[in-house]
>>> print(open('run_2.pdb').read())   # PDB, C-alpha atoms
MODEL        1
ATOM      1  CA  MET Y1094      64.955-125.957  96.141  1.00  0.00           C
ATOM      2  CA  GLY Y1095      66.787-124.947  99.317  1.00  0.00           C
ATOM      3  CA  SER Y1096      70.330-125.712 100.271  1.00  0.00           C
ATOM      4  CA  ILE Y1097      71.452-129.276 100.821  1.00  0.00           C
ATOM      5  CA  ILE Y1098      71.504-128.672 104.566  1.00  0.00           C
ATOM      6  CA  THR Y1099      67.839-127.590 104.696  1.00  0.00           C
ATOM      7  CA  SER Y1100      66.824-130.513 102.488  1.00  0.00           C
ATOM      8  CA  GLY Y1101      68.216-132.997 105.027  1.00  0.00           C
ATOM      9  CA  ILE Y1102      71.319-133.931 103.015  1.00  0.00           C
ATOM     10  CA  THR Y1103      74.523-133.902 105.030  1.00  0.00           C
ATOM     11  CA  PRO Y1104      77.965-133.534 103.442  1.00  0.00           C
ATOM     12  CA  ALA Y1105      78.736-137.123 104.462  1.00  0.00           C
ATOM     13  CA  MET Y1106      75.878-138.342 102.242  1.00  0.00           C
ATOM     14  CA  ILE Y1107      77.133-136.704  99.037  1.00  0.00           C
ATOM     15  CA  PRO Y1108      79.644-139.440  98.009  1.00  0.00           C
ATOM     16  CA  GLY Y1109      76.933-142.083  98.377  1.00  0.00           C
ATOM     17  CA  ILE Y1110      74.481-139.999  96.364  1.00  0.00           C
ATOM     18  CA  ARG Y1111      77.100-139.539  93.640  1.00  0.00           C
ATOM     19  CA  LYS Y1112      77.574-143.329  93.550  1.00  0.00           C
ATOM     20  CA  ALA Y1113      73.796-143.743  93.312  1.00  0.00           C
ATOM     21  CA  ILE Y1114      73.804-141.321  90.352  1.00  0.00           C
ATOM     22  CA  GLU Y1115      76.457-143.445  88.670  1.00  0.00           C
ATOM     23  CA  VAL Y1116      74.447-146.634  89.269  1.00  0.00           C
ATOM     24  CA  CYS Y1117      71.274-145.022  87.869  1.00  0.00           C
ATOM     25  CA  GLU Y1118      73.161-143.926  84.757  1.00  0.00           C
ATOM     26  CA  GLU Y1119      74.623-147.410  84.258  1.00  0.00           C
ATOM     27  CA  TYR Y1120      71.163-148.933  84.726  1.00  0.00           C
ATOM     28  CA  GLY Y1121      69.763-146.609  82.092  1.00  0.00           C
ATOM     29  CA  GLU Y1122      72.585-147.240  79.635  1.00  0.00           C
ATOM     30  CA  GLU Y1123      72.263-151.008  79.945  1.00  0.00           C
ATOM     31  CA  ASN Y1124      68.515-150.849  79.403  1.00  0.00           C
ATOM     32  CA  ILE Y1125      68.778-148.625  76.327  1.00  0.00           C
ATOM     33  CA  ARG Y1126      71.340-151.056  74.891  1.00  0.00           C
ATOM     34  CA  ILE Y1127      68.937-153.951  75.471  1.00  0.00           C
ATOM     35  CA  ALA Y1128      66.085-151.966  73.909  1.00  0.00           C
ATOM     36  CA  HIS Y1129      68.183-151.083  70.863  1.00  0.00           C
ATOM     37  CA  ASP Y1130      69.291-154.680  70.357  1.00  0.00           C
ATOM     38  CA  ASP Y1131      65.699-155.889  70.624  1.00  0.00           C
ATOM     39  CA  ILE Y1132      64.466-153.286  68.133  1.00  0.00           C
ATOM     40  CA  LYS Y1133      67.080-154.495  65.648  1.00  0.00           C
ATOM     41  CA  ARG Y1134      66.022-158.108  66.286  1.00  0.00           C
ATOM     42  CA  VAL Y1135      62.318-157.388  65.798  1.00  0.00           C
ATOM     43  CA  CYS Y1136      62.905-155.307  62.677  1.00  0.00           C
ATOM     44  CA  ALA Y1137      64.790-158.226  61.131  1.00  0.00           C
ATOM     45  CA  LEU Y1138      61.735-160.465  61.508  1.00  0.00           C
ATOM     46  CA  PRO Y1139      59.422-160.758  58.545  1.00  0.00           C
ATOM     47  CA  GLY Y1140      55.967-159.364  59.211  1.00  0.00           C
ATOM     48  CA  HIS Y1141      56.655-157.848  62.612  1.00  0.00           C
ATOM     49  CA  ASP Y1142      53.842-156.079  64.444  1.00  0.00           C
ATOM     50  CA  VAL Y1143      53.801-153.174  66.879  1.00  0.00           C
ATOM     51  CA  ASP Y1144      53.121-155.656  69.708  1.00  0.00           C
ATOM     52  CA  ASP Y1145      56.520-157.220  69.012  1.00  0.00           C
ATOM     53  CA  PHE Y1146      58.141-154.106  70.485  1.00  0.00           C
ATOM     54  CA  ASP Y1147      56.763-154.571  74.021  1.00  0.00           C
ATOM     55  CA  PHE Y1148      60.075-155.875  75.370  1.00  0.00           C
ATOM     56  CA  SER Y1149      62.109-153.044  73.859  1.00  0.00           C
ATOM     57  CA  ASN Y1150      59.537-150.493  74.997  1.00  0.00           C
ATOM     58  CA  MET Y1151      59.788-151.793  78.568  1.00  0.00           C
ATOM     59  CA  HIS Y1152      63.553-151.326  78.503  1.00  0.00           C
ATOM     60  CA  GLY Y1153      63.170-147.877  76.975  1.00  0.00           C
ATOM     61  CA  VAL Y1154      60.967-146.920  79.907  1.00  0.00           C
ATOM     62  CA  ARG Y1155      63.582-148.277  82.311  1.00  0.00           C
ATOM     63  CA  TRP Y1156      66.257-146.186  80.547  1.00  0.00           C
ATOM     64  CA  HIS Y1157      64.112-143.116  81.045  1.00  0.00           C
ATOM     65  CA  ALA Y1158      63.514-143.971  84.719  1.00  0.00           C
ATOM     66  CA  GLY Y1159      67.250-144.389  85.372  1.00  0.00           C
ATOM     67  CA  ARG Y1160      68.009-141.094  83.676  1.00  0.00           C
ATOM     68  CA  GLU Y1161      65.304-139.238  85.569  1.00  0.00           C
ATOM     69  CA  MET Y1162      66.393-140.677  88.913  1.00  0.00           C
ATOM     70  CA  ALA Y1163      69.979-139.611  88.229  1.00  0.00           C
ATOM     71  CA  ASN Y1164      68.739-136.093  87.414  1.00  0.00           C
ATOM     72  CA  ILE Y1165      66.661-135.954  90.607  1.00  0.00           C
ATOM     73  CA  LEU Y1166      69.665-137.011  92.671  1.00  0.00           C
ATOM     74  CA  ARG Y1167      71.899-134.457  90.910  1.00  0.00           C
ATOM     75  CA  HIS Y1168      69.377-131.752  91.661  1.00  0.00           C
ATOM     76  CA  LEU Y1169      69.185-132.915  95.279  1.00  0.00           C
ATOM     77  CA  ILE Y1170      72.897-132.263  95.818  1.00  0.00           C
ATOM     78  CA  GLY Y1171      72.983-129.148  93.626  1.00  0.00           C
ATOM     79  CA  GLU Y1172      74.881-130.537  90.639  1.00  0.00           C
ATOM     80  CA  GLY Y1173      74.095-130.726  86.944  1.00  0.00           C
ATOM     81  CA  ASP Y1174      72.088-128.557  84.586  1.00  0.00           C
ATOM     82  CA  ASP Y1175      68.886-128.733  86.647  1.00  0.00           C
ATOM     83  CA  ALA Y1176      70.514-127.514  89.855  1.00  0.00           C
TER
ENDMDL
END
>>> encode(input="run_2.pdb", output="structure tokens")
Amino acid sequence: MGSIITSGITPAMIPGIRKAIEVCEEYGEENIRIAHDDIKRVCALPGHDVDDFDFSNMHGVRWHAGREMANILRHLIGEGDDA
């Protein structure tokens, strides 16, 4: 990827992008907590089925989406391991 100037990112935008990264990470963390709690709940049920994990799976996908969006934003401003 090119520099942040050629990608249309101005220095004034960087603090807002960093805040967006923080929000994406918090979103992901909250969703993985919900998923984990639901997995524990379902596993405590007698005779649970794979379909009982739909709710936790949905939140696991949201965790992944939040994490990926944070990584994309980090890469956009040239920070993190992917930069």
>>> resolve_selection(input="run_2.pdb", expression="the PyMOL selection byres ((chain Y and resi 1114) around 9)", output="number ranges by chain")
Y: 1109-1113, 1115-1119, 1159-1160, 1162-1167
>>> write_last_selection(input="run_2.pdb", atoms="C-alpha atoms", output="compact mmCIF listing (two decimals), in the coordinates of the input")
# COMPACT_ATOMS: atom_id res chain seq x y z
CA GLY Y 1109 76.93 -142.08 98.38
CA ILE Y 1110 74.48 -140.00 96.36
CA ARG Y 1111 77.10 -139.54 93.64
CA LYS Y 1112 77.57 -143.33 93.55
CA ALA Y 1113 73.80 -143.74 93.31
CA GLU Y 1115 76.46 -143.44 88.67
CA VAL Y 1116 74.45 -146.63 89.27
CA CYS Y 1117 71.27 -145.02 87.87
CA GLU Y 1118 73.16 -143.93 84.76
CA GLU Y 1119 74.62 -147.41 84.26
CA GLY Y 1159 67.25 -144.39 85.37
CA ARG Y 1160 68.01 -141.09 83.68
CA MET Y 1162 66.39 -140.68 88.91
CA ALA Y 1163 69.98 -139.61 88.23
CA ASN Y 1164 68.74 -136.09 87.41
CA ILE Y 1165 66.66 -135.95 90.61
CA LEU Y 1166 69.67 -137.01 92.67
CA ARG Y 1167 71.90 -134.46 90.91
>>> resolve_selection(input="run_2.pdb", expression="the PyMOL selection byres ((chain Y and resi 1132) around 10)", output="VMD selection string")
chain Y and resid 1126 to 1131 1133 to 1137 1145 to 1150
>>> closest_residue(input="run_2.pdb", among="Y:Ile1170, Y:Glu1123, Y:Leu1138, Y:Met1106", to="Arg1155 in chain Y", atoms="all atoms listed in the file")
Y:Glu1123
>>> atom_distance(input="run_2.pdb", atom1="CA of Gly1171 in chain Y", atom2="CA of Pro1108 in chain Y")
13.0 Å
>>> atom_distance(input="run_2.pdb", atom1="CA of Gly1121 in chain Y", atom2="CA of Met1151 in chain Y")
11.8 Å
>>> atom_distance(input="run_2.pdb", atom1="CA of Asp1142 in chain Y", atom2="CA of Val1154 in chain Y")
19.3 Å
>>> axis_aligned_box(input="run_2.pdb", around="range 1135-1145 of chain Y", padding_each_side="5 Å", output="lines of an AutoDock Vina configuration file")
center_x = 59.0
center_y = -157.0
center_z = 64.1
size_x = 21.7
size_y = 17.6
size_z = 21.2
>>> decode(input="run_2.pdb", residues="range 1095-1176 of chain Y", atoms="C-alpha atoms", output="tab-separated table (two decimals), in the first residue's frame")
chain	number	residue	atom	x	y	z
Y	1095	GLY	CA	1.18	3.56	-0.65
Y	1096	SER	CA	1.74	6.29	1.86
Y	1097	ILE	CA	-1.14	7.67	3.88
Y	1098	ILE	CA	-1.11	10.81	1.76
Y	1099	THR	CA	-1.58	8.91	-1.52
Y	1100	SER	CA	-4.32	6.77	0.03
Y	1101	GLY	CA	-6.39	9.88	0.80
Y	1102	ILE	CA	-5.74	9.88	4.56
Y	1103	THR	CA	-4.75	13.26	5.94
Y	1104	PRO	CA	-2.84	13.68	9.21
Y	1105	ALA	CA	-5.94	15.28	10.73
Y	1106	MET	CA	-7.85	12.01	10.20
Y	1107	ILE	CA	-5.41	9.80	12.12
Y	1108	PRO	CA	-6.77	10.49	15.66
Y	1109	GLY	CA	-10.28	9.63	14.49
Y	1110	ILE	CA	-9.06	6.45	12.82
Y	1111	ARG	CA	-7.23	5.47	16.00
Y	1112	LYS	CA	-10.47	5.98	17.95
Y	1113	ALA	CA	-12.30	3.85	15.38
Y	1114	ILE	CA	-9.67	1.12	15.91
Y	1115	GLU	CA	-10.32	1.27	19.64
Y	1116	VAL	CA	-14.09	1.02	19.11
Y	1117	CYS	CA	-13.67	-1.97	16.77
Y	1118	GLU	CA	-11.48	-3.72	19.34
Y	1119	GLU	CA	-14.01	-3.06	22.12
Y	1120	TYR	CA	-16.81	-4.33	19.88
Y	1121	GLY	CA	-14.87	-7.51	19.22
Y	1122	GLU	CA	-13.99	-8.06	22.87
Y	1123	GLU	CA	-17.58	-7.62	24.00
Y	1124	ASN	CA	-18.83	-10.05	21.37
Y	1125	ILE	CA	-16.27	-12.73	22.24
Y	1126	ARG	CA	-17.27	-12.38	25.90
Y	1127	ILE	CA	-20.92	-12.88	24.96
Y	1128	ALA	CA	-20.01	-15.88	22.79
Y	1129	HIS	CA	-17.95	-17.45	25.58
Y	1130	ASP	CA	-20.71	-16.97	28.14
Y	1131	ASP	CA	-23.26	-18.51	25.77
Y	1132	ILE	CA	-21.02	-21.50	25.05
Y	1133	LYS	CA	-20.74	-22.13	28.79
Y	1134	ARG	CA	-24.52	-21.81	29.14
Y	1135	VAL	CA	-25.25	-24.23	26.29
Y	1136	CYS	CA	-22.68	-26.76	27.48
Y	1137	ALA	CA	-24.38	-26.81	30.88
Y	1138	LEU	CA	-27.66	-27.89	29.29
Y	1139	PRO	CA	-28.41	-31.58	29.17
Y	1140	GLY	CA	-28.59	-32.95	25.64
Y	1141	HIS	CA	-27.43	-29.84	23.81
Y	1142	ASP	CA	-27.19	-29.92	20.03
Y	1143	VAL	CA	-24.91	-28.14	17.57
Y	1144	ASP	CA	-27.84	-25.87	16.62
Y	1145	ASP	CA	-27.83	-24.55	20.19
Y	1146	PHE	CA	-24.58	-22.73	19.39
Y	1147	ASP	CA	-26.05	-20.41	16.73
Y	1148	PHE	CA	-26.13	-17.42	19.08
Y	1149	SER	CA	-22.54	-17.90	20.24
Y	1150	ASN	CA	-21.39	-18.51	16.68
Y	1151	MET	CA	-22.99	-15.23	15.57
Y	1152	HIS	CA	-21.08	-13.37	18.27
Y	1153	GLY	CA	-17.87	-15.18	17.35
Y	1154	VAL	CA	-18.29	-13.93	13.80
Y	1155	ARG	CA	-18.84	-10.40	15.10
Y	1156	TRP	CA	-15.64	-10.69	17.18
Y	1157	HIS	CA	-13.76	-11.67	14.05
Y	1158	ALA	CA	-15.30	-8.79	12.07
Y	1159	GLY	CA	-14.31	-6.24	14.74
Y	1160	ARG	CA	-10.77	-7.59	14.84
Y	1161	GLU	CA	-10.42	-7.57	11.07
Y	1162	MET	CA	-11.78	-4.03	10.77
Y	1163	ALA	CA	-9.31	-2.83	13.40
Y	1164	ASN	CA	-6.48	-4.49	11.45
Y	1165	ILE	CA	-7.62	-2.89	8.19
Y	1166	LEU	CA	-7.70	0.53	9.84
Y	1167	ARG	CA	-4.26	-0.03	11.39
Y	1168	HIS	CA	-2.89	-0.96	7.99
Y	1169	LEU	CA	-4.54	2.12	6.47
Y	1170	ILE	CA	-2.57	4.45	8.75
Y	1171	GLY	CA	0.61	2.35	8.66
Y	1172	GLU	CA	0.51	0.94	12.19
Y	1173	GLY	CA	0.56	-2.59	13.56
Y	1174	ASP	CA	2.09	-5.83	12.36
Y	1175	ASP	CA	0.38	-5.74	8.95
Y	1176	ALA	CA	1.66	-2.28	8.05
